[in-house]
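Below is start_18.cif, holding mmCIF, C-alpha atoms and all ligand atoms.
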```cif
data_model
loop_
_atom_site.label_atom_id
_atom_site.label_comp_id
_atom_site.auth_asym_id
_atom_site.auth_seq_id
_atom_site.Cartn_x
_atom_site.Cartn_y
_atom_site.Cartn_z
CA MET W 1 22.69 -87.99 -2.50
CA ARG W 2 24.22 -89.31 -5.75
CA HIS W 3 22.04 -87.64 -8.36
CA ILE W 4 20.24 -84.31 -8.05
CA VAL W 5 17.03 -84.49 -10.04
CA GLU W 6 14.29 -82.74 -8.05
CA SER W 7 13.75 -80.38 -5.09
CA GLN W 8 11.87 -82.97 -3.04
CA GLN W 9 15.20 -84.70 -2.36
CA PHE W 10 16.18 -81.93 0.08
CA ASN W 11 15.06 -81.46 3.68
CA ARG W 12 15.58 -78.47 5.96
CA GLU W 13 18.65 -79.88 7.63
CA ARG W 14 20.40 -80.59 4.31
CA LEU W 15 19.48 -77.17 2.93
CA LEU W 16 20.75 -75.29 5.97
CA TYR W 17 23.99 -77.26 5.82
CA LEU W 18 24.39 -76.32 2.11
CA PHE W 19 23.57 -72.66 2.80
CA GLU W 20 26.23 -72.43 5.53
CA LEU W 21 28.75 -74.11 3.23
CA ALA W 22 27.80 -71.84 0.29
CA ASN W 23 28.15 -68.82 2.55
CA GLU W 24 31.66 -69.93 3.59
CA VAL W 25 32.52 -70.35 -0.10
CA ARG W 26 31.07 -66.90 -0.81
CA THR W 27 33.08 -65.27 1.96
CA THR W 28 36.23 -67.04 0.84
CA LEU W 29 35.85 -65.89 -2.75
CA ILE W 30 34.77 -62.33 -1.96
CA ILE W 31 36.80 -61.44 1.12
CA ARG W 32 39.85 -63.64 0.72
CA ASN W 33 39.84 -63.67 -3.11
CA GLY W 34 39.70 -67.46 -3.09
CA ASP W 35 42.39 -69.67 -1.64
CA ARG W 36 43.96 -73.05 -2.19
CA ARG W 37 41.54 -74.70 0.19
CA LEU W 38 38.99 -74.40 -2.61
CA SER W 39 40.96 -74.47 -5.84
CA GLU W 40 42.51 -77.92 -5.43
CA LEU W 41 39.68 -79.84 -3.80
CA LEU W 42 38.28 -81.54 -6.90
CA ILE W 43 41.44 -81.90 -8.98
CA GLY W 44 41.16 -85.04 -11.11
CA LYS W 45 37.36 -84.84 -11.47
CA VAL W 46 35.73 -84.05 -14.82
CA MET W 47 32.40 -82.31 -15.36
CA CYS W 48 30.47 -82.59 -18.62
CA THR W 49 27.83 -79.94 -19.20
CA LEU W 50 25.29 -81.35 -21.64
CA PHE W 51 22.78 -78.68 -22.65
CA TYR W 52 19.98 -79.35 -25.13
CA GLU W 53 18.36 -75.96 -24.38
CA PRO W 54 19.90 -72.46 -24.25
CA SER W 55 21.39 -71.17 -21.01
CA THR W 56 23.58 -68.36 -19.74
CA ARG W 57 23.57 -68.63 -15.94
CA THR W 58 23.21 -72.32 -15.22
CA ARG W 59 25.85 -73.56 -17.62
CA VAL W 60 28.39 -70.82 -16.97
CA SER W 61 27.99 -70.88 -13.18
CA PHE W 62 28.33 -74.67 -13.06
CA GLU W 63 31.43 -74.50 -15.25
CA MET W 64 32.84 -71.62 -13.20
CA ALA W 65 32.10 -73.55 -10.00
CA ALA W 66 33.92 -76.59 -11.37
CA HIS W 67 36.96 -74.53 -12.43
CA ARG W 68 37.06 -72.79 -9.03
CA LEU W 69 37.29 -76.21 -7.37
CA GLY W 70 39.97 -77.60 -9.68
CA MET W 71 37.75 -79.77 -11.91
CA ARG W 72 38.17 -79.98 -15.66
CA VAL W 73 35.14 -79.24 -17.81
CA ILE W 74 33.97 -80.40 -21.21
CA THR W 75 30.78 -79.04 -22.68
CA THR W 76 28.21 -79.80 -25.34
CA GLU W 77 26.28 -76.62 -25.85
CA ALA W 78 23.29 -76.72 -28.24
CA ALA W 79 23.40 -80.52 -27.93
CA GLU W 80 20.14 -80.86 -29.85
CA GLN W 81 21.99 -79.59 -32.88
CA PHE W 82 25.66 -80.44 -32.27
CA SER W 83 25.58 -83.81 -30.51
CA SER W 84 24.50 -87.07 -32.13
CA ALA W 85 20.96 -86.34 -30.87
CA ALA W 86 20.71 -84.61 -34.26
CA LYS W 87 21.20 -88.06 -35.84
CA GLY W 88 18.57 -89.67 -33.63
CA GLU W 89 20.66 -90.92 -30.69
CA THR W 90 18.63 -91.42 -27.51
CA LEU W 91 19.46 -89.57 -24.30
CA SER W 92 20.06 -92.88 -22.58
CA ASP W 93 22.70 -93.93 -25.12
CA THR W 94 24.38 -90.51 -24.89
CA ILE W 95 24.59 -90.72 -21.09
CA ARG W 96 25.93 -94.27 -21.29
CA ILE W 97 28.71 -93.10 -23.61
CA ILE W 98 29.68 -89.97 -21.64
CA GLY W 99 29.53 -91.86 -18.35
CA GLY W 100 31.61 -94.62 -19.94
CA TYR W 101 34.30 -92.07 -20.79
CA GLY W 102 34.50 -91.35 -17.08
CA ALA W 103 32.57 -88.10 -16.56
CA ASP W 104 32.27 -87.64 -12.82
CA VAL W 105 29.42 -85.13 -13.03
CA ILE W 106 27.01 -84.67 -15.93
CA VAL W 107 25.05 -81.42 -15.69
CA LEU W 108 22.06 -81.93 -17.95
CA ARG W 109 19.57 -79.46 -19.37
CA HIS W 110 16.93 -81.01 -21.60
CA LYS W 111 13.60 -80.01 -23.11
CA GLN W 112 11.91 -83.21 -21.95
CA GLU W 113 10.35 -83.34 -18.48
CA GLY W 114 11.86 -86.27 -16.59
CA ALA W 115 15.06 -86.34 -18.68
CA SER W 116 17.35 -86.18 -15.63
CA LYS W 117 15.53 -89.03 -13.94
CA GLU W 118 15.99 -91.05 -17.12
CA ALA W 119 19.70 -90.16 -17.18
CA ALA W 120 20.10 -91.13 -13.51
CA ALA W 121 18.32 -94.44 -14.17
CA THR W 122 20.70 -95.07 -17.09
CA CYS W 123 23.69 -94.59 -14.77
CA GLU W 124 22.21 -97.08 -12.30
CA ARG W 125 21.30 -99.62 -14.98
CA CYS W 126 24.68 -99.43 -16.72
CA GLY W 127 26.84 -99.61 -13.60
CA LEU W 128 28.13 -96.03 -13.91
CA LYS W 129 28.67 -95.89 -10.17
CA ASP W 130 30.91 -92.83 -10.16
CA THR W 131 28.80 -90.61 -12.42
CA HIS W 132 26.53 -88.00 -10.81
CA ILE W 133 23.62 -86.56 -12.79
CA VAL W 134 22.58 -82.99 -11.97
CA ASN W 135 19.30 -81.67 -13.35
CA ALA W 136 19.93 -78.22 -14.83
CA GLY W 137 16.32 -77.87 -15.99
CA ASP W 138 14.06 -80.45 -17.66
CA GLY W 139 11.36 -78.91 -19.83
CA LYS W 140 8.39 -77.78 -17.74
CA GLY W 141 9.49 -80.11 -14.94
CA GLN W 142 12.02 -78.84 -12.42
CA HIS W 143 15.20 -76.83 -11.97
CA PRO W 144 16.33 -77.89 -8.50
CA THR W 145 19.69 -76.11 -8.37
CA GLN W 146 17.91 -72.86 -9.30
CA ALA W 147 15.58 -73.43 -6.35
CA LEU W 148 18.62 -73.95 -4.11
CA LEU W 149 20.15 -70.64 -5.19
CA ASP W 150 16.76 -68.94 -4.86
CA LEU W 151 16.24 -70.12 -1.30
CA PHE W 152 19.89 -69.43 -0.45
CA THR W 153 19.30 -65.85 -1.62
CA ILE W 154 16.17 -65.54 0.54
CA TRP W 155 18.07 -67.01 3.51
CA LEU W 156 20.94 -64.51 3.07
CA GLU W 157 18.80 -61.44 2.41
CA MET W 158 16.28 -62.10 5.18
CA ARG W 159 19.09 -62.79 7.65
CA GLU W 160 20.56 -59.36 6.83
CA ARG W 161 17.14 -57.86 7.60
CA GLY W 162 16.68 -59.85 10.82
CA ILE W 163 13.62 -61.61 9.39
CA SER W 164 13.04 -65.33 9.97
CA LEU W 165 12.65 -67.70 7.04
CA ASP W 166 9.68 -69.33 8.75
CA GLY W 167 6.26 -68.22 7.57
CA LEU W 168 7.36 -65.64 4.99
CA THR W 169 4.80 -64.39 2.50
CA VAL W 170 6.08 -65.01 -1.02
CA ALA W 171 4.34 -63.60 -4.11
CA ILE W 172 5.21 -65.74 -7.12
CA GLY W 173 4.16 -64.21 -10.41
CA GLY W 174 4.25 -64.44 -14.18
CA ASP W 175 4.00 -67.53 -16.33
CA LEU W 176 3.49 -70.19 -13.66
CA LYS W 177 2.17 -72.78 -16.09
CA HIS W 178 5.41 -73.25 -18.04
CA GLY W 179 8.00 -72.09 -15.50
CA ARG W 180 10.00 -74.88 -13.88
CA THR W 181 11.81 -72.65 -11.38
CA VAL W 182 8.60 -71.77 -9.53
CA ARG W 183 7.68 -75.43 -9.26
CA SER W 184 11.03 -76.37 -7.72
CA LEU W 185 10.95 -73.35 -5.41
CA ALA W 186 7.44 -74.12 -4.12
CA TYR W 187 8.65 -77.52 -2.89
CA LEU W 188 11.43 -75.86 -0.87
CA LEU W 189 9.37 -72.94 0.47
CA LYS W 190 6.95 -75.51 1.83
CA LEU W 191 9.66 -76.69 4.24
CA TRP W 192 9.54 -73.25 5.93
CA LYS W 193 5.74 -72.99 5.78
CA ALA W 194 5.85 -69.95 3.50
CA LYS W 195 2.50 -68.47 2.55
CA MET W 196 2.44 -68.40 -1.24
CA ILE W 197 0.44 -66.05 -3.43
CA PHE W 198 0.46 -67.16 -7.07
CA VAL W 199 -0.13 -64.19 -9.39
CA SER W 200 -0.88 -64.88 -13.05
CA PRO W 201 -3.57 -64.71 -15.68
CA PRO W 202 -5.81 -67.80 -15.37
CA GLU W 203 -4.33 -69.25 -18.59
CA LEU W 204 -0.86 -69.33 -17.00
CA ALA W 205 -1.83 -70.56 -13.53
CA ILE W 206 0.36 -72.81 -11.39
CA GLY W 207 -0.12 -76.55 -11.95
CA GLU W 208 -2.69 -78.58 -10.04
CA ASP W 209 0.04 -80.97 -8.87
CA ILE W 210 1.80 -78.17 -6.99
CA LYS W 211 -1.46 -76.93 -5.44
CA GLN W 212 -2.33 -80.46 -4.37
CA HIS W 213 1.13 -80.92 -2.85
CA LEU W 214 0.79 -77.69 -0.86
CA THR W 215 -2.72 -78.64 0.27
CA ASP W 216 -1.51 -82.09 1.35
CA HIS W 217 1.17 -80.43 3.49
CA GLY W 218 -1.14 -77.84 5.03
CA ILE W 219 0.55 -74.89 3.31
CA GLU W 220 -1.43 -71.67 2.98
CA PHE W 221 -1.64 -70.40 -0.59
CA ARG W 222 -3.96 -68.44 -2.84
CA GLU W 223 -4.18 -67.45 -6.48
CA GLU W 224 -4.60 -63.87 -7.70
CA THR W 225 -4.88 -62.29 -11.13
CA ASP W 226 -3.64 -58.81 -10.21
CA LEU W 227 -0.48 -57.45 -8.62
CA ILE W 228 -2.24 -55.16 -6.15
CA SER W 229 -3.61 -58.15 -4.23
CA ALA W 230 -0.17 -59.58 -3.65
CA LEU W 231 2.72 -57.09 -3.78
CA PRO W 232 1.98 -54.99 -0.65
CA VAL W 233 1.95 -57.99 1.71
CA ALA W 234 4.89 -59.93 0.33
CA ASN W 235 8.31 -60.29 1.98
CA VAL W 236 9.61 -61.85 -1.22
CA ILE W 237 8.42 -61.12 -4.75
CA TYR W 238 9.54 -63.79 -7.19
CA TRP W 239 8.77 -62.76 -10.75
CA THR W 240 9.17 -64.79 -13.94
CA ARG W 241 9.04 -64.23 -17.70
CA ALA W 242 6.49 -65.56 -20.17
CA GLN W 243 8.02 -68.78 -21.49
CA ARG W 244 6.77 -68.16 -24.99
CA GLU W 245 9.00 -70.88 -26.44
CA ARG W 246 6.95 -73.45 -24.47
CA MET W 247 3.54 -71.98 -25.27
CA GLY W 248 1.12 -73.19 -27.88
CA ALA W 249 0.02 -70.77 -30.62
CA GLU W 250 -3.12 -69.81 -28.65
CA LEU W 251 -1.03 -68.29 -25.81
CA ARG W 252 2.11 -67.10 -27.55
CA GLY W 253 0.76 -63.67 -28.45
CA MET W 254 -0.78 -63.05 -25.03
CA ASN W 255 -0.49 -59.53 -23.62
CA LEU W 256 1.09 -59.53 -20.14
CA ASP W 257 1.44 -55.77 -19.71
CA ASP W 258 -0.58 -55.95 -16.47
CA PHE W 259 2.05 -58.21 -14.94
CA VAL W 260 5.00 -55.84 -15.25
CA ILE W 261 6.84 -54.57 -12.15
CA GLY W 262 7.96 -50.99 -12.77
CA PRO W 263 8.63 -47.82 -10.77
CA LYS W 264 4.90 -47.44 -9.96
CA GLU W 265 4.75 -50.90 -8.38
CA LEU W 266 7.83 -50.12 -6.24
CA ASP W 267 5.63 -47.69 -4.31
CA ILE W 268 3.40 -50.49 -3.00
CA ILE W 269 6.18 -52.98 -2.17
CA ARG W 270 7.38 -53.21 1.45
CA ARG W 271 10.60 -51.38 2.29
CA ASP W 272 12.15 -54.60 3.63
CA ALA W 273 10.98 -56.85 0.79
CA ILE W 274 13.16 -58.27 -1.96
CA ILE W 275 12.36 -58.64 -5.65
CA MET W 276 13.73 -61.79 -7.24
CA HIS W 277 13.74 -63.27 -10.73
CA PRO W 278 15.51 -66.41 -11.96
CA LEU W 279 16.47 -64.49 -15.15
CA PRO W 280 16.60 -64.10 -18.07
CA ARG W 281 14.34 -61.06 -17.65
CA VAL W 282 12.59 -59.84 -20.78
CA ASP W 283 10.23 -56.96 -19.97
CA GLU W 284 8.30 -58.18 -16.91
CA ILE W 285 10.57 -56.16 -14.60
CA ALA W 286 11.45 -52.72 -15.94
CA ALA W 287 15.15 -51.84 -16.07
CA ALA W 288 14.28 -48.77 -13.97
CA VAL W 289 13.80 -51.14 -10.99
CA ASP W 290 17.33 -52.56 -11.18
CA GLU W 291 19.05 -49.98 -8.98
CA ASP W 292 16.44 -50.12 -6.23
CA PRO W 293 18.06 -51.84 -3.19
CA ARG W 294 15.14 -54.27 -3.07
CA ALA W 295 15.98 -55.59 -6.55
CA ALA W 296 17.89 -58.75 -5.63
CA TYR W 297 17.93 -60.59 -8.96
CA PHE W 298 21.51 -59.85 -9.96
CA ARG W 299 22.75 -60.74 -6.45
CA GLN W 300 20.60 -63.87 -6.74
CA ALA W 301 22.26 -64.92 -10.02
CA VAL W 302 25.75 -64.57 -8.50
CA ASN W 303 24.67 -66.70 -5.54
CA GLY W 304 24.25 -69.49 -8.09
CA LEU W 305 28.04 -69.81 -8.25
CA TYR W 306 28.40 -70.25 -4.48
CA ILE W 307 25.57 -72.75 -4.03
CA ARG W 308 26.74 -74.80 -7.03
CA MET W 309 30.26 -74.93 -5.60
CA ALA W 310 28.77 -76.09 -2.30
CA LEU W 311 26.72 -78.71 -4.11
CA LEU W 312 29.74 -80.07 -5.98
CA LEU W 313 31.72 -80.27 -2.74
CA ASP W 314 28.83 -82.02 -1.07
CA LEU W 315 28.62 -84.65 -3.84
CA TYR W 316 32.05 -85.73 -2.58
CA ARG W 317 31.29 -85.12 1.11
CA LEU W 318 33.95 -82.41 1.25
CA ASN W 319 33.83 -79.41 3.58
CA PRO W 320 37.09 -77.50 3.87
CA PHE W 321 35.54 -75.30 6.53
CA ALA W 322 34.56 -78.08 8.93
CA PRO W 323 36.21 -77.69 12.35
N1 LIG T 1 17.86 -69.11 -14.48
C1 LIG T 1 18.34 -69.85 -15.48
O1 LIG T 1 18.19 -71.08 -15.52
O2 LIG T 1 19.02 -69.14 -16.42
P1 LIG T 1 19.67 -69.76 -17.74
O3 LIG T 1 18.55 -70.30 -18.59
O4 LIG T 1 20.42 -68.63 -18.37
O5 LIG T 1 20.58 -70.89 -17.32
#
```
Give the structure from this file in structure tokens form.
Amino acid sequence: MRHIVESQQFNRERLLYLFELANEVRTTLIIRNGDRRLSELLIGKVMCTLFYEPSTRTRVSFEMAAHRLGMRVITTEAAEQFSSAAKGETLSDTIRIIGGYGADVIVLRHKQEGASKEAAATCERCGLKDTHIVNAGDGKGQHPTQALLDLFTIWLEMRERGISLDGLTVAIGGDLKHGRTVRSLAYLLKLWKAKMIFVSPPELAIGEDIKQHLTDHGIEFREETDLISALPVANVIYWTRAQRERMGAELRGMNLDDFVIGPKELDIIRRDAIIMHPLPRVDEIAAAVDEDPRAAYFRQAVNGLYIRMALLLDLYRLNPFAP
């Protein structure tokens, strides 16, 4: 797999391999405080993080992952403003230049859906054989490495509880119309035949393309407009913020108070469930929920480091833990 642009590129076997590798990385960093098996593996490689939209987790965890593996990192934060995109340069020309300088991995976040596919096509067309494109979020499209860390978190947390990944009930709520993480996650949950309950106001419902995809694959799902119909039966609650920056004026002022998870909602959530959120959280999960053991979203964010390290290793077919 040379470029990582969408969740559909991954199958169960590949995902389980990555989860085992990420878990080895996690154990090595936590228990053994890292070791030279990891820190020198990608010496000589250079990552460029090219972000046209704001980010805390994705950019920093990718850069941290690269540093932990011995890569060097250069970054263009706020690229819309501080790269030559501000002068009208196309994404394709920018990728051609950065790839031409020898970037081994370009981690790209862009406001345009399909931007990473365009960047990957540029690499192919221009003979940039050694440059890998990684989609770090493309508009309302996808965020595949977020989906990897999300499913890795579910895999870890359910394993601790002795619950199988197969056939879980997952309540996915919030702004499902503009959220790219839920789209990427739905493609992966399908591989384990999860039952999905999409919870949102009708104006922010999940896209028809995702529903069609789930229908085509025989996946059970339903849509609800209230929390009560979904929270008590869910093994996993995956909540998201209103993406007001992507909304038109008619939706931007929408009141989503009925879609907040707070202490009252904790009473109807299963004792062995987990509450996830890709973050940033605004007010859709109350801070009072954070210390509940079921609140997994900060653990989930940290898992992003481990899965991204595993992904970088896998781009180069490296596994320091292989027997
Ligand atoms: N979850 C996520 O993509 O967070 P950032 O926007 O902070 O990268």
What residues have any atom no more than 8 Å from ligand LIG 1 (chain T) when counting all atoms listed in the file, and can you list them as a PyMOL selection string? chain W and resi 54-60+136-137+143+146+181+278-280+301
With distances taken over only C-alpha atoms, which residue among W:Arg317, W:Arg125, W:Lys195, W:Lys264 lies nearest Ala230 of chain W? W:Lys195
Counting all atoms listed in the file, note down every residue that has an atom within 7 Å of the point (4.0, -65.4, -11.0) (file coordinates), as a PyMOL selection string. chain W and resi 172-176+198-200+238-240
Which protein, DNA or RNA residues are at most 9 Å from (7.2, -76.1, -24.0) in the file's coordinates when you count all atoms listed in the file, listed as a PyMOL selection string? chain W and resi 111-112+139-140+178+243-248
Residue selection dump (C-alpha atoms) as a PDB file, in the coordinates of the input:
```
ATOM      1  CA  LYS W 111      13.600 -80.010 -23.110  1.00  0.00           C
ATOM      2  CA  GLN W 112      11.910 -83.210 -21.950  1.00  0.00           C
ATOM      3  CA  GLY W 139      11.360 -78.910 -19.830  1.00  0.00           C
ATOM      4  CA  LYS W 140       8.390 -77.780 -17.740  1.00  0.00           C
ATOM      5  CA  HIS W 178       5.410 -73.250 -18.040  1.00  0.00           C
ATOM      6  CA  GLN W 243       8.020 -68.780 -21.490  1.00  0.00           C
ATOM      7  CA  ARG W 244       6.770 -68.160 -24.990  1.00  0.00           C
ATOM      8  CA  GLU W 245       9.000 -70.880 -26.440  1.00  0.00           C
ATOM      9  CA  ARG W 246       6.950 -73.450 -24.470  1.00  0.00           C
ATOM     10  CA  MET W 247       3.540 -71.980 -25.270  1.00  0.00           C
ATOM     11  CA  GLY W 248       1.120 -73.190 -27.880  1.00  0.00           C
TER      12      GLY W 248
END
```
Of the residues W:Glu80, W:Glu24, W:Asp150, W:Glu118, which is the one nearest to Met276 of chain W, using only C-alpha atoms? W:Asp150
Using only C-alpha atoms, which of W:Phe82, W:Leu41, W:His3, W:Asn235 sits nearest Leu128 of chain W?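 For Leu128 of chain W, the nearest of the candidates is W:His3.
In this comparison, which uses all atoms listed in the file, the residue of W:Glu6, W:Asp130, W:Glu265, W:Asp290 approaching Met47 of chain W most closely is W:Asp130.
When atom CA of Asn319 of chain W is paired with atom CA of Asn23 of chain W, their separation reads 12.1 Å.
With all atoms listed in the file as the atoms that count, the minimum distance from Leu29 of chain W to the choices W:Leu50, W:Ile98, W:Leu69, W:Ile261 is reached by W:Leu69.
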Identify, on the basis of only C-alpha atoms, every residue whose closest approach to Asp267 of chain W does not exceed 12 Å; exclude the query and any residue fewer than 3 positions from it along the same chain; express the result as a VMD selection string. chain W and resid 228 231 to 232 261 to 264 270 to 271 273 289 292 294
Taking C-alpha atoms for each residue, export the selection above as a compact mmCIF listing (two decimals), in the coordinates of the input.
```
# COMPACT_ATOMS: atom_id res chain seq x y z
CA ILE W 228 -2.24 -55.16 -6.15
CA LEU W 231 2.72 -57.09 -3.78
CA PRO W 232 1.98 -54.99 -0.65
CA ILE W 261 6.84 -54.57 -12.15
CA GLY W 262 7.96 -50.99 -12.77
CA PRO W 263 8.63 -47.82 -10.77
CA LYS W 264 4.90 -47.44 -9.96
CA ARG W 270 7.38 -53.21 1.45
CA ARG W 271 10.60 -51.38 2.29
CA ALA W 273 10.98 -56.85 0.79
CA VAL W 289 13.80 -51.14 -10.99
CA ASP W 292 16.44 -50.12 -6.23
CA ARG W 294 15.14 -54.27 -3.07
```
So, counting only C-alpha atoms, which residue among W:Ile219, W:Leu189, W:Ala119, W:Ile74 is closest to Ser7 of chain W?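 Under the stated criterion, the closest residue is W:Leu189.
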Between atom CA of Gln300 of chain W and atom CA of Pro202 of chain W, what distance in Å does the model show, to one decimal?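 Atom CA of Pro202 of chain W lies at a distance of 28.1 Å from atom CA of Gln300 of chain W.
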Excluding Ile210 of chain W and residues on its chain fewer than 6 positions from it, collect all residues at most 10 Å away from it, counting all atoms listed in the file, and give them as a ChimeraX atom specification. /W:182-184,186-187,216
What would the file look like if the residues just selected were written as a CSV table (one decimal), in the frame of the given file with C-alpha atoms?
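Wrote it out as again-v4.csv, contents follow:
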```
chain,number,residue,atom,x,y,z
W,182,VAL,CA,8.6,-71.8,-9.5
W,183,ARG,CA,7.7,-75.4,-9.3
W,184,SER,CA,11.0,-76.4,-7.7
W,186,ALA,CA,7.4,-74.1,-4.1
W,187,TYR,CA,8.6,-77.5,-2.9
W,216,ASP,CA,-1.5,-82.1,1.4
```
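Between atom CA of Val170 of chain W and atom CA of Gly218 of chain W the separation is 15.9 Å.
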